[in-house]
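Visitor: Below you'll find the structure I mean.
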2 protein chains.
Amino acid sequence: MMNKVLSLTVSLALLVTGSVSAKQASVLSEEQRAQLTQLGQTALSSDLAYEIEESLTTEVGARMIGTEGDKRAIKWAVEKMQSLGFDKVWTEEVAHFQWIRGDVEAKVLAPFPQPVKAIALGESVGTGDKAIEAEVIHFNTLADLEAAEADSLTGKIAFVSYRMERFKTGKGYGKAVGARVRGASVAAQKGAVGFIMRSVGTDDNRTPHTGITRYENGVKRIPAVALSNPDADLLVNQFKRNKPVQFSLKVTAMRNEVVTVKGANVIGEITGSELPEQIVALGAHLDSWDVGTGAIDDGLGVAMVMAATAHIGKLAERPKRTIRVILFAGEEVGLLGAKQYVINQKDTLANHVIAAEWDFGLGKIYAMQSNVADAAVPAIDELASYLKPLGVAYNTANQGRGQSDMGLVTDKGVPAMNFTPDGTRYFDIHHTENDTLDKVNPEDLQQNTAVYTIFAYFAAQADTEFRSSESASK
Amino acid sequence: MMNKVLSLTVSLALLVTGSVSAKQASVLSEEQRAQLTQLGQTALSSDLAYEIEESLTTEVGARMIGTEGDKRAIKWAVEKMQSLGFDKVWTEEVAHFQWIRGDVEAKVLAPFPQPVKAIALGESVGTGDKAIEAEVIHFNTLADLEAAEADSLTGKIAFVSYRMERFKTGKGYGKAVGARVRGASVAAQKGAVGFIMRSVGTDDNRTPHTGITRYENGVKRIPAVALSNPDADLLVNQFKRNKPVQFSLKVTAMRNEVVTVKGANVIGEITGSELPEQIVALGAHLDSWDVGTGAIDDGLGVAMVMAATAHIGKLAERPKRTIRVILFAGEEVGLLGAKQYVINQKDTLANHVIAAEWDFGLGKIYAMQSNVADAAVPAIDELASYLKPLGVAYNTANQGRGQSDMGLVTDKGVPAMNFTPDGTRYFDIHHTENDTLDKVNPEDLQQNTAVYTIFAYFAAQADTEFRSSESASK
C-alpha cells in the first residue's frame, strides 16, 4: 500500500521546488509552494482516503436514491465531514419517484433451454408476476433495431447484442450506452413486448450491468434487462443454429411514479480565511446503484474530495478561498442533485471560482485539462508543473468540462478542471455487483487524492481570476 | 485462434522426425511416427475440440447429476460420439439421492446491515422458509474452528474466513477445501446452527464458489454456504469494529435422501485393429455443478478426449489397441461414476493398459508424469520426446496418478499418465456461475488436445507392456 510512496514523494519534492520558470512570477509564494509540497507528501502517504472509502463501503454499502442505504449514507457523510473538521456541513433535499428493483428470471426456452443471468435496467417497468414468453429477434446494434420495419416486432422480444469495446479513455461507453438508454422505447415503437441487451461492460463475469433506461413519452413502457457478456454470448450462439429462439422473462421491478422518495446533496466546507465567499468546488456523487457497495462509482470520488479537503483543513491556517465539497444526490438516475444544486445556488454560482469532480475511472490520473479565462492560463501552467511529477500530462486545449454532476455547474460558466484517470478496467465493474472495496488500489487512491489536494490548495490560494468576464455573465 | 499453429506445427514436425535417439530402437515405426506427426498437426489446427465444447455449453449447459441438464448431456454425449464415428457407444447407470439447490438470502443485520452474496455448498441442508438469525463467530481457519471449545458455538453461526492462495499448480486448493468439506460438521459439533465460509476461490468476483460439503454421521446437519471473496472481506471488515455481528441466513436447498435420481457414465470406443481387448482409457467427467455451463469443469476434458479419439478415428486404419473415452457421471458429488466404473469393469481392468484424464486447469499442459512398469519407462521417454515441442516438460519420477475419476482406476493398478496444465486462473471460476465458454482459450484447447491425441495414438500403437507384473495382480 505504501511501497512506492517514498520515491514519489522525493520526486514530487524535487519538482515542486524547482517547477516555476524564472521567466514569470509564481502564482504561489515560496511559503505556499513549500506548503503545497508538504500537502502532496501528506496525501501520498496518508491512509485517510482509503479509510473513508472503507468506512463508506463497510458501514453503508449500496445507496440508491431514496433507499435506507441512501439515508444512512447521508447521515454518514454529514458525520464524517464533521469529524474531519469541516467548518460547515449541510444538506439540500432532492426528490424522485420510487423504483424497486425486484428480481429477474430469464431463460431461453428453445431451441436449447438454459437459464441466463440478467438484471433490470434502472427504472425499468416489471412484467408483473407472470413471465413474458415470446420469440426473440436479434439485432447486432441499436441502429439495426432502429432500422427494423414498423410493427415488425409485434409480440416479440428485441435483443441487441452489441459488445462494448475497452479503451483507456472509456470511449467505448458512448457507442454502447445508447441501446441501454433508448433501446426499450425503440423496440416498443415497433411492437416489442420486452427488451434485452448485452450489458454495457467490458468484463466476462456473470454480473450484468444495470444503469438508467429512459422511456419516451407516448411510447408503451416495456420491461428492459441486460444480460452479462457470457449470457449474451450464449444467446448469440443459440441464434447461430438458425432456429427460432423462445425466451421467458419475468421482471418484478416496480416503477412507482406516484410515490416520492427523498435524497440529499451533502455539502461541507472549510471556510476561506480572506475570501470566504469565493468557492473552490470539489464534487463526487454520494448515491450509487443498489447492486454493489458503490466503492468505485463513486466511493472513490467521495473519498478523494473529502480527504483532500481534510488534508488542507489540518493546516495551521485556512487558505484564502473556501473549499467546498459537494456530494451530489441521485446522479445515477439523472444528475438530480446537480440539477437541484444549480437551482439552489443560482445566486452564488458566480462565486464558484473553479470546479472539479471525480466520477470515472479506477486507475491513476494521467491527464488534466482546464477551461478557464485566457488570462488564467499561466496559473494553470503553474498548477500543471506541480502535478507533472505525479504523471499528470497537461492538455493545454483549455476546453475541459466538469465531470458528471459538475458538468452542469461548469455549463453555467463556472471555470472547470478535468482530471482524467485510467479507465481501462472501469467498465468491468461499472454498475455491477462487483463494484466493491477490493477493486480499490490504495496506492492509486493516494496518488489521485494528492492531485485533488494540490489542485484545491492551489486554487484556494492563487490570486487568480479563473473566470473570463464573458462566462461570468452566463 | 490459429495464429500460432504454423510455427508450432513446424517445430513439432522437426522434433518428431528427429526425436528418437539412435541409441535405442524406437517404439513406433517410421510410418507410425509420420502418422503421429500428422495427427499432432491435425489437432493443432482443428476446431473440433472447440466445436464440441461450444456444442456442449450452448446446447446443454449445466448438468448436475440427476437434473434435466444431466439427462440432456447423456443424450448429447451418446449422439456426439456416434456422429464422430466411434465404433461402440454405451452408458452405465449411476444412482444418487436428489439435491435441489434453491436460493440463499444472506445479510448482515448488525452492526451495519448489508446484503451479501452467498451460495449453498453442494448437498447442504436448507433452513426451510424461515431464516436463521444468529450471532456470527469468526475463525481465521478451519484449525481455529476445530480448536474452539465444546458447546462454545451454541446457537451461533460459525464463519471461516481463510483465503485460498493462487498457484500455477493449484496447490492452494488443498489447504482451503477442508473447511468446505468438513466445516459444517465441525461447527455443528460445537453447537452452531449455521456455517458460512469464504469461497474456495482466487477471484474477486461476487460469484461465490459451490462444491460438495460432507456431513459426518451422528452430527446435526446445519446449512452451509460460501460467500464470495468481496463479501467475505466485507464481513471481516465489519468484525474489525469489535461489535457483535448479527446475521440472517435463509437457504431453501433441499436434500432429499429418499429420492433417487439417475446419471450415467457415457463410454465410447474406437476398436483396436490387432488387440481390441486392450484398452487405452481417456477420461473426463460429463456432469458439472449447476451454476455455470461447465465449460471448464469439465467441458474442456470432454472436448479434449472426444476430439483426440475422433482425430485418431479418422485415420485410414484403427490403431492396434482400443481407445476408450469414459465420460464419468457424478464426479462433483463424489466420483460416483468412477466408483461404478471400477465395479462394473472389475474383470476387464487388467486389460486397461494405461489411463489419463483431464479434470483440472485452464491453460496449457506444461508437464507430464507417468506411473508405469520400469521396463516401460523407455517408451515413456520416447513419448516425452514427442510432446516436448509442445512445451511439455517430463517429470521422470514415474509416480503419477490418474486425475480425478481416473485416480480410482489407476489405484486399481492400471498404469497412469498425468498431464499437468497451468492452473493459475482455474480457481477464479471453479464451481461458479463464471464457468462459461468465454473462459476457453481455443488455442490452448488445440494444443492440449494435441497432447492427448499424441498420447492416445502412441499408447494404442506401442508394443509396450506399461503394467508391471506386480500391479497387474492388484
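In the C-alpha cells, chains take the letters A, B, ... in the order shown, each chain's residues start at 1, and ligands count up from 1 in the order shown.
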At a cut-off of 8 Å, using only C-alpha atoms, what residues contact Asp70 (chain A)? Leave out same-chain residues fewer than 6 positions from it and give the result as number ranges by chain.
Guide: A: 62-64, 263, 287
Visitor: Near chain B, meaning an atom within 10 Å, which residues of chain A appear when counting only C-alpha atoms? Write them as number ranges by chain.
Guide: A: 54-55, 57-62, 68-69, 72, 110-117, 204-207, 229-231, 233-238, 241, 291-293, 429, 432-439
Visitor: Find the residues near region 313-326 of chain B: any atom within 8 Å, counting only C-alpha atoms, skip ones fewer than 5 places away on the same chain, and give them as a PyMOL selection string.
Guide: chain B and resi 85-86+265-285+305-306+456-457+459-461
Visitor: Run DSSP on the backbone and tell me which residues of region 62-127 of chain B come out as strand (DSSP E or B); list them as an MDAnalysis selection string.
Guide: chainID B and resid 88:100 104:110 114:116 118:120 122
Visitor: With N, CA and C atoms retained, export the selected residues as a CSV table (one decimal), in the first residue's frame.
Guide:
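Done, and the output landed in part_4.csv:
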chain,number,residue,atom,x,y,z
B,88,LYS,N,-18.2,-48.1,-30.9
B,88,LYS,CA,-19.2,-48.6,-29.9
B,88,LYS,C,-19.5,-47.4,-28.9
B,89,VAL,N,-20.7,-47.3,-28.5
B,89,VAL,CA,-21.1,-46.3,-27.5
B,89,VAL,C,-22.1,-46.9,-26.6
B,90,TRP,N,-21.9,-46.7,-25.3
B,90,TRP,CA,-22.9,-47.2,-24.4
B,90,TRP,C,-22.9,-46.4,-23.1
B,91,THR,N,-23.9,-46.7,-22.3
B,91,THR,CA,-23.9,-46.0,-21.0
B,91,THR,C,-24.0,-47.0,-19.8
B,92,GLU,N,-23.6,-46.5,-18.7
B,92,GLU,CA,-23.6,-47.3,-17.4
B,92,GLU,C,-24.3,-46.4,-16.4
B,93,GLU,N,-25.4,-46.9,-15.9
B,93,GLU,CA,-26.2,-46.1,-15.0
B,93,GLU,C,-25.6,-45.9,-13.6
B,94,VAL,N,-25.8,-44.8,-13.0
B,94,VAL,CA,-25.3,-44.4,-11.7
B,94,VAL,C,-26.4,-43.8,-10.9
B,95,ALA,N,-26.6,-44.1,-9.7
B,95,ALA,CA,-27.7,-43.6,-8.9
B,95,ALA,C,-27.2,-42.7,-7.7
B,96,HIS,N,-28.0,-41.7,-7.4
B,96,HIS,CA,-27.7,-40.8,-6.3
B,96,HIS,C,-29.0,-40.3,-5.7
B,97,PHE,N,-28.8,-39.7,-4.5
B,97,PHE,CA,-30.1,-39.0,-3.9
B,97,PHE,C,-30.2,-37.7,-4.6
B,98,GLN,N,-31.4,-37.1,-4.4
B,98,GLN,CA,-31.8,-35.8,-5.0
B,98,GLN,C,-31.3,-34.7,-4.1
B,99,TRP,N,-30.8,-33.7,-4.7
B,99,TRP,CA,-30.5,-32.4,-4.0
B,99,TRP,C,-30.9,-31.3,-4.9
B,100,ILE,N,-31.6,-30.4,-4.3
B,100,ILE,CA,-32.1,-29.2,-5.1
B,100,ILE,C,-31.5,-28.0,-4.5
B,104,VAL,N,-30.3,-18.7,-1.8
B,104,VAL,CA,-29.8,-18.3,-0.5
B,104,VAL,C,-30.1,-16.8,-0.4
B,105,GLU,N,-30.6,-16.4,0.8
B,105,GLU,CA,-30.7,-15.0,1.1
B,105,GLU,C,-29.8,-14.8,2.4
B,106,ALA,N,-28.8,-14.0,2.2
B,106,ALA,CA,-27.9,-13.8,3.4
B,106,ALA,C,-27.6,-12.3,3.6
B,107,LYS,N,-27.7,-11.9,4.8
B,107,LYS,CA,-27.4,-10.5,5.1
B,107,LYS,C,-26.9,-10.3,6.5
B,108,VAL,N,-26.0,-9.3,6.6
B,108,VAL,CA,-25.6,-8.8,7.9
B,108,VAL,C,-26.7,-8.0,8.4
B,109,LEU,N,-27.1,-8.2,9.7
B,109,LEU,CA,-28.1,-7.4,10.3
B,109,LEU,C,-27.5,-6.3,11.2
B,110,ALA,N,-26.3,-6.6,11.8
B,110,ALA,CA,-25.7,-5.7,12.7
B,110,ALA,C,-24.2,-6.0,12.7
B,114,GLN,N,-26.2,-5.1,5.7
B,114,GLN,CA,-25.9,-5.2,4.2
B,114,GLN,C,-26.2,-6.6,3.7
B,115,PRO,N,-26.7,-6.7,2.5
B,115,PRO,CA,-26.9,-8.0,1.9
B,115,PRO,C,-25.5,-8.5,1.5
B,116,VAL,N,-25.3,-9.8,1.5
B,116,VAL,CA,-24.1,-10.4,0.9
B,116,VAL,C,-24.5,-11.5,0.0
B,118,ALA,N,-24.1,-15.2,-1.4
B,118,ALA,CA,-23.7,-16.5,-0.8
B,118,ALA,C,-24.3,-17.6,-1.7
B,119,ILE,N,-23.7,-18.7,-1.7
B,119,ILE,CA,-24.2,-19.9,-2.4
B,119,ILE,C,-24.2,-21.1,-1.5
B,120,ALA,N,-25.2,-21.9,-1.6
B,120,ALA,CA,-25.2,-23.1,-0.8
B,120,ALA,C,-24.1,-24.1,-1.2
B,122,GLY,N,-22.5,-27.7,-1.9
B,122,GLY,CA,-23.2,-28.8,-2.5
B,122,GLY,C,-23.7,-29.8,-1.5
Visitor: Find the spatial neighbours of Gly174 (chain B), counting only C-alpha atoms, within a cut-off of 12 Å - ignore same-chain residues fewer than 3 positions away - and output them as an NGL selection string.
Guide: :B and (163-167 or 169-171 or 177-181 or 200-201 or 427)
Visitor: Among region 313-344 of chain A, which residues does DSSP mark as helix (DSSP H, G or I) when it is run on the backbone? Keep the chain and numbering as in the structure and answer as a list in words.
Guide: Gly313, Leu336, Gly337, Ala338, Lys339, Gln340, Tyr341, Val342, Ile343 and Asn344 of chain A
Visitor: Residues of the last selection are to be written out with all heavy atoms, as a tab-separated table (two decimals), in the first residue's frame.
Guide:
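Output contents, as saved in again.tsv:
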chain	number	residue	atom	x	y	z
A	313	GLY	N	-7.54	21.18	5.51
A	313	GLY	CA	-8.14	21.68	6.75
A	313	GLY	C	-7.25	21.49	7.97
A	313	GLY	O	-7.47	22.11	9.01
A	336	LEU	N	-29.76	14.29	-10.53
A	336	LEU	CA	-30.81	15.03	-9.81
A	336	LEU	C	-30.22	16.04	-8.84
A	336	LEU	O	-30.71	17.17	-8.73
A	336	LEU	CB	-31.71	14.06	-9.04
A	336	LEU	CG	-32.42	13.00	-9.87
A	336	LEU	CD1	-33.40	12.24	-9.00
A	336	LEU	CD2	-33.14	13.63	-11.06
A	337	GLY	N	-29.18	15.62	-8.12
A	337	GLY	CA	-28.57	16.52	-7.14
A	337	GLY	C	-27.91	17.72	-7.81
A	337	GLY	O	-28.00	18.85	-7.31
A	338	ALA	N	-27.27	17.48	-8.93
A	338	ALA	CA	-26.61	18.57	-9.65
A	338	ALA	C	-27.65	19.55	-10.19
A	338	ALA	O	-27.46	20.77	-10.13
A	338	ALA	CB	-25.76	18.00	-10.78
A	339	LYS	N	-28.75	19.01	-10.69
A	339	LYS	CA	-29.82	19.90	-11.19
A	339	LYS	C	-30.37	20.77	-10.07
A	339	LYS	O	-30.63	21.96	-10.26
A	339	LYS	CB	-30.95	19.05	-11.81
A	339	LYS	CG	-30.57	18.44	-13.16
A	339	LYS	CD	-31.64	17.46	-13.67
A	339	LYS	CE	-31.19	16.82	-14.99
A	339	LYS	NZ	-32.02	15.65	-15.35
A	340	GLN	N	-30.53	20.14	-8.90
A	340	GLN	CA	-31.03	20.89	-7.75
A	340	GLN	C	-30.00	21.92	-7.29
A	340	GLN	O	-30.35	23.05	-6.92
A	340	GLN	CB	-31.34	19.91	-6.60
A	340	GLN	CG	-32.13	20.50	-5.46
A	340	GLN	CD	-33.52	20.92	-5.90
A	340	GLN	OE1	-34.24	20.14	-6.51
A	340	GLN	NE2	-33.88	22.18	-5.62
A	341	TYR	N	-28.74	21.54	-7.34
A	341	TYR	CA	-27.68	22.43	-6.87
A	341	TYR	C	-27.62	23.72	-7.68
A	341	TYR	O	-27.52	24.81	-7.12
A	341	TYR	CB	-26.32	21.70	-6.94
A	341	TYR	CG	-25.17	22.50	-6.35
A	341	TYR	CD1	-24.96	22.52	-4.97
A	341	TYR	CD2	-24.31	23.23	-7.16
A	341	TYR	CE1	-23.92	23.26	-4.42
A	341	TYR	CE2	-23.27	23.98	-6.62
A	341	TYR	CZ	-23.07	23.98	-5.25
A	341	TYR	OH	-22.05	24.72	-4.71
A	342	VAL	N	-27.69	23.61	-9.00
A	342	VAL	CA	-27.59	24.83	-9.81
A	342	VAL	C	-28.83	25.70	-9.66
A	342	VAL	O	-28.76	26.92	-9.87
A	342	VAL	CB	-27.28	24.54	-11.30
A	342	VAL	CG1	-25.90	23.89	-11.45
A	342	VAL	CG2	-28.36	23.70	-11.95
A	343	ILE	N	-29.95	25.10	-9.26
A	343	ILE	CA	-31.13	25.92	-8.92
A	343	ILE	C	-30.90	26.60	-7.57
A	343	ILE	O	-31.01	27.83	-7.44
A	343	ILE	CB	-32.40	25.04	-8.87
A	343	ILE	CG1	-32.75	24.51	-10.27
A	343	ILE	CG2	-33.58	25.81	-8.26
A	343	ILE	CD1	-33.81	23.43	-10.28
A	344	ASN	N	-30.55	25.80	-6.57
A	344	ASN	CA	-30.40	26.35	-5.21
A	344	ASN	C	-29.30	27.41	-5.15
A	344	ASN	O	-29.40	28.37	-4.38
A	344	ASN	CB	-30.04	25.24	-4.21
A	344	ASN	CG	-31.17	24.24	-4.03
A	344	ASN	OD1	-32.24	24.37	-4.63
A	344	ASN	ND2	-30.93	23.22	-3.22
Visitor: State, in Å with one decimal place, the distance from CA of Pro415 (chain A) to CA of Ser469 (chain A).
Guide: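 We find that CA of Pro415 (chain A) and CA of Ser469 (chain A) lie 11.2 Å from each other.
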Visitor: Tell me which protein, DNA and RNA residues are within 8 Å of Ala356 (chain A), counting only C-alpha atoms, leaving out same-chain ones fewer than 5 positions away, and put them as an mmCIF file with N, CA and C atoms, in the first residue's frame.
Guide:
data_model
loop_
_atom_site.group_PDB
_atom_site.id
_atom_site.type_symbol
_atom_site.label_atom_id
_atom_site.label_comp_id
_atom_site.auth_asym_id
_atom_site.auth_seq_id
_atom_site.Cartn_x
_atom_site.Cartn_y
_atom_site.Cartn_z
ATOM 1 N N ALA A 281 -14.829 24.389 -5.787
ATOM 2 C CA ALA A 281 -15.807 23.299 -5.608
ATOM 3 C C ALA A 281 -15.214 21.959 -6.028
ATOM 4 N N LEU A 282 -15.280 21.001 -5.119
ATOM 5 C CA LEU A 282 -14.854 19.624 -5.406
ATOM 6 C C LEU A 282 -16.075 18.720 -5.320
ATOM 7 N N GLY A 283 -16.324 17.940 -6.367
ATOM 8 C CA GLY A 283 -17.542 17.136 -6.384
ATOM 9 C C GLY A 283 -17.308 15.649 -6.530
ATOM 10 N N GLY A 402 -16.555 20.096 -16.541
ATOM 11 C CA GLY A 402 -16.686 19.352 -15.296
ATOM 12 C C GLY A 402 -17.173 17.949 -15.583
ATOM 13 N N GLN A 403 -16.684 16.958 -14.805
ATOM 14 C CA GLN A 403 -17.163 15.582 -14.986
ATOM 15 C C GLN A 403 -18.554 15.437 -14.393
ATOM 16 N N MET A 406 -20.700 17.789 -12.078
ATOM 17 C CA MET A 406 -20.062 19.106 -12.133
ATOM 18 C C MET A 406 -20.133 19.689 -13.541
ATOM 19 N N ALA A 416 -13.688 25.245 -15.173
ATOM 20 C CA ALA A 416 -13.625 23.796 -14.944
ATOM 21 C C ALA A 416 -12.200 23.280 -14.918
ATOM 22 N N MET A 417 -11.993 22.260 -14.111
ATOM 23 C CA MET A 417 -10.774 21.470 -14.201
ATOM 24 C C MET A 417 -11.213 20.019 -14.354
ATOM 25 N N ASN A 418 -10.614 19.347 -15.316
ATOM 26 C CA ASN A 418 -10.953 17.946 -15.539
ATOM 27 C C ASN A 418 -9.682 17.103 -15.432
ATOM 28 N N PHE A 419 -9.696 16.189 -14.484
ATOM 29 C CA PHE A 419 -8.585 15.245 -14.321
ATOM 30 C C PHE A 419 -9.010 13.894 -14.892
#
Visitor: Quick one: residues within 9 Å of Lys364 (chain A), only C-alpha atoms, excluding same-chain residues fewer than 6 positions away - as a list in words?
Guide: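 Returned residues: Gly391, Val392, Thr420, Pro421, Asp422, Gly423, Glu443, Asp444, Leu445, Gln447 and Asn448 of chain A.
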Visitor: Keeping N, CA and C atoms, export the residues of the selection given above as a PDB file, in the first residue's frame.
Guide:
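Full text of result.pdb as output:
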ATOM      1  N   GLY A 391       2.780  12.256 -12.767  1.00  0.00           N
ATOM      2  CA  GLY A 391       2.451  11.568 -14.012  1.00  0.00           C
ATOM      3  C   GLY A 391       1.254  12.160 -14.728  1.00  0.00           C
ATOM      4  N   VAL A 392       0.893  13.387 -14.381  1.00  0.00           N
ATOM      5  CA  VAL A 392      -0.282  14.023 -14.992  1.00  0.00           C
ATOM      6  C   VAL A 392       0.175  14.869 -16.177  1.00  0.00           C
ATOM      7  N   THR A 420      -8.198  13.347 -15.793  1.00  0.00           N
ATOM      8  CA  THR A 420      -8.574  12.118 -16.488  1.00  0.00           C
ATOM      9  C   THR A 420      -7.816  10.925 -15.929  1.00  0.00           C
ATOM     10  N   PRO A 421      -8.509   9.967 -15.333  1.00  0.00           N
ATOM     11  CA  PRO A 421      -7.828   8.761 -14.846  1.00  0.00           C
ATOM     12  C   PRO A 421      -7.883   7.635 -15.867  1.00  0.00           C
ATOM     13  N   ASP A 422      -7.071   6.651 -15.621  1.00  0.00           N
ATOM     14  CA  ASP A 422      -7.066   5.442 -16.448  1.00  0.00           C
ATOM     15  C   ASP A 422      -8.398   4.716 -16.265  1.00  0.00           C
ATOM     16  N   GLY A 423      -9.130   4.556 -17.356  1.00  0.00           N
ATOM     17  CA  GLY A 423     -10.442   3.907 -17.292  1.00  0.00           C
ATOM     18  C   GLY A 423     -10.450   2.519 -17.903  1.00  0.00           C
ATOM     19  N   GLU A 443      -2.839   2.556  -3.405  1.00  0.00           N
ATOM     20  CA  GLU A 443      -1.764   3.433  -3.865  1.00  0.00           C
ATOM     21  C   GLU A 443      -2.272   4.422  -4.925  1.00  0.00           C
ATOM     22  N   ASP A 444      -3.089   3.914  -5.852  1.00  0.00           N
ATOM     23  CA  ASP A 444      -3.683   4.818  -6.846  1.00  0.00           C
ATOM     24  C   ASP A 444      -4.553   5.858  -6.149  1.00  0.00           C
ATOM     25  N   LEU A 445      -5.275   5.419  -5.140  1.00  0.00           N
ATOM     26  CA  LEU A 445      -6.158   6.349  -4.424  1.00  0.00           C
ATOM     27  C   LEU A 445      -5.332   7.441  -3.739  1.00  0.00           C
ATOM     28  N   GLN A 447      -2.434   8.563  -4.732  1.00  0.00           N
ATOM     29  CA  GLN A 447      -1.891   9.476  -5.740  1.00  0.00           C
ATOM     30  C   GLN A 447      -2.981  10.402  -6.289  1.00  0.00           C
ATOM     31  N   ASN A 448      -4.152   9.846  -6.557  1.00  0.00           N
ATOM     32  CA  ASN A 448      -5.232  10.672  -7.093  1.00  0.00           C
ATOM     33  C   ASN A 448      -5.705  11.693  -6.056  1.00  0.00           C
TER      34      ASN A 448
END
Visitor: With distances taken over only C-alpha atoms, which of A:Leu335, A:Ile296, A:Ala462, A:Val377 is nearest to Leu362 (chain A)?
Guide: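 Looking at the shortest contact to Leu362 (chain A), the residue is A:Ile296.
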Visitor: Would you mind telling me which residue in A:Lys240, A:Lys130, A:Lys175, A:His209 lies nearest to Val225 (chain A) when using only C-alpha atoms?
Guide: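 The closest residue to Val225 (chain A) is A:His209.
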Visitor: Find the distance between CA of Glu257 (chain A) and CA of Arg101 (chain A) and write it in Å to one decimal.
Guide: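 Separating CA of Glu257 (chain A) from CA of Arg101 (chain A) is a distance of 13.8 Å.
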Visitor: Could you produce a table of the residues of region 264-358 of chain A lying within 8 Å of region 27-48 of chain A, with the nearest pair of atoms per residue and their separation in Å rounded to one decimal, using only C-alpha atoms, ordered by chain and increasing residue number, as CSV?
Guide:
residue,atom,partner,partner_atom,distance
A:Ala307,CA,A:Leu48,CA,6.1
A:Ala308,CA,A:Ala43,CA,7.3
A:His311,CA,A:Leu39,CA,7.0
A:Ile312,CA,A:Leu39,CA,7.2
Visitor: Just N, CA and C atoms for this one: save the residues we selected as a PDB file, in the first residue's frame.
Guide:
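Contents of result14.pdb, freshly written:
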ATOM      1  N   ALA A 307     -11.045  13.596   1.596  1.00  0.00           N
ATOM      2  CA  ALA A 307      -9.693  13.506   2.156  1.00  0.00           C
ATOM      3  C   ALA A 307      -8.854  14.703   1.743  1.00  0.00           C
ATOM      4  N   ALA A 308      -8.958  15.122   0.481  1.00  0.00           N
ATOM      5  CA  ALA A 308      -8.176  16.277   0.012  1.00  0.00           C
ATOM      6  C   ALA A 308      -8.503  17.508   0.848  1.00  0.00           C
ATOM      7  N   HIS A 311      -7.143  17.160   4.408  1.00  0.00           N
ATOM      8  CA  HIS A 311      -5.698  17.403   4.495  1.00  0.00           C
ATOM      9  C   HIS A 311      -5.427  18.908   4.574  1.00  0.00           C
ATOM     10  N   ILE A 312      -6.104  19.666   3.731  1.00  0.00           N
ATOM     11  CA  ILE A 312      -5.902  21.120   3.715  1.00  0.00           C
ATOM     12  C   ILE A 312      -6.443  21.731   5.011  1.00  0.00           C
TER      13      ILE A 312
END
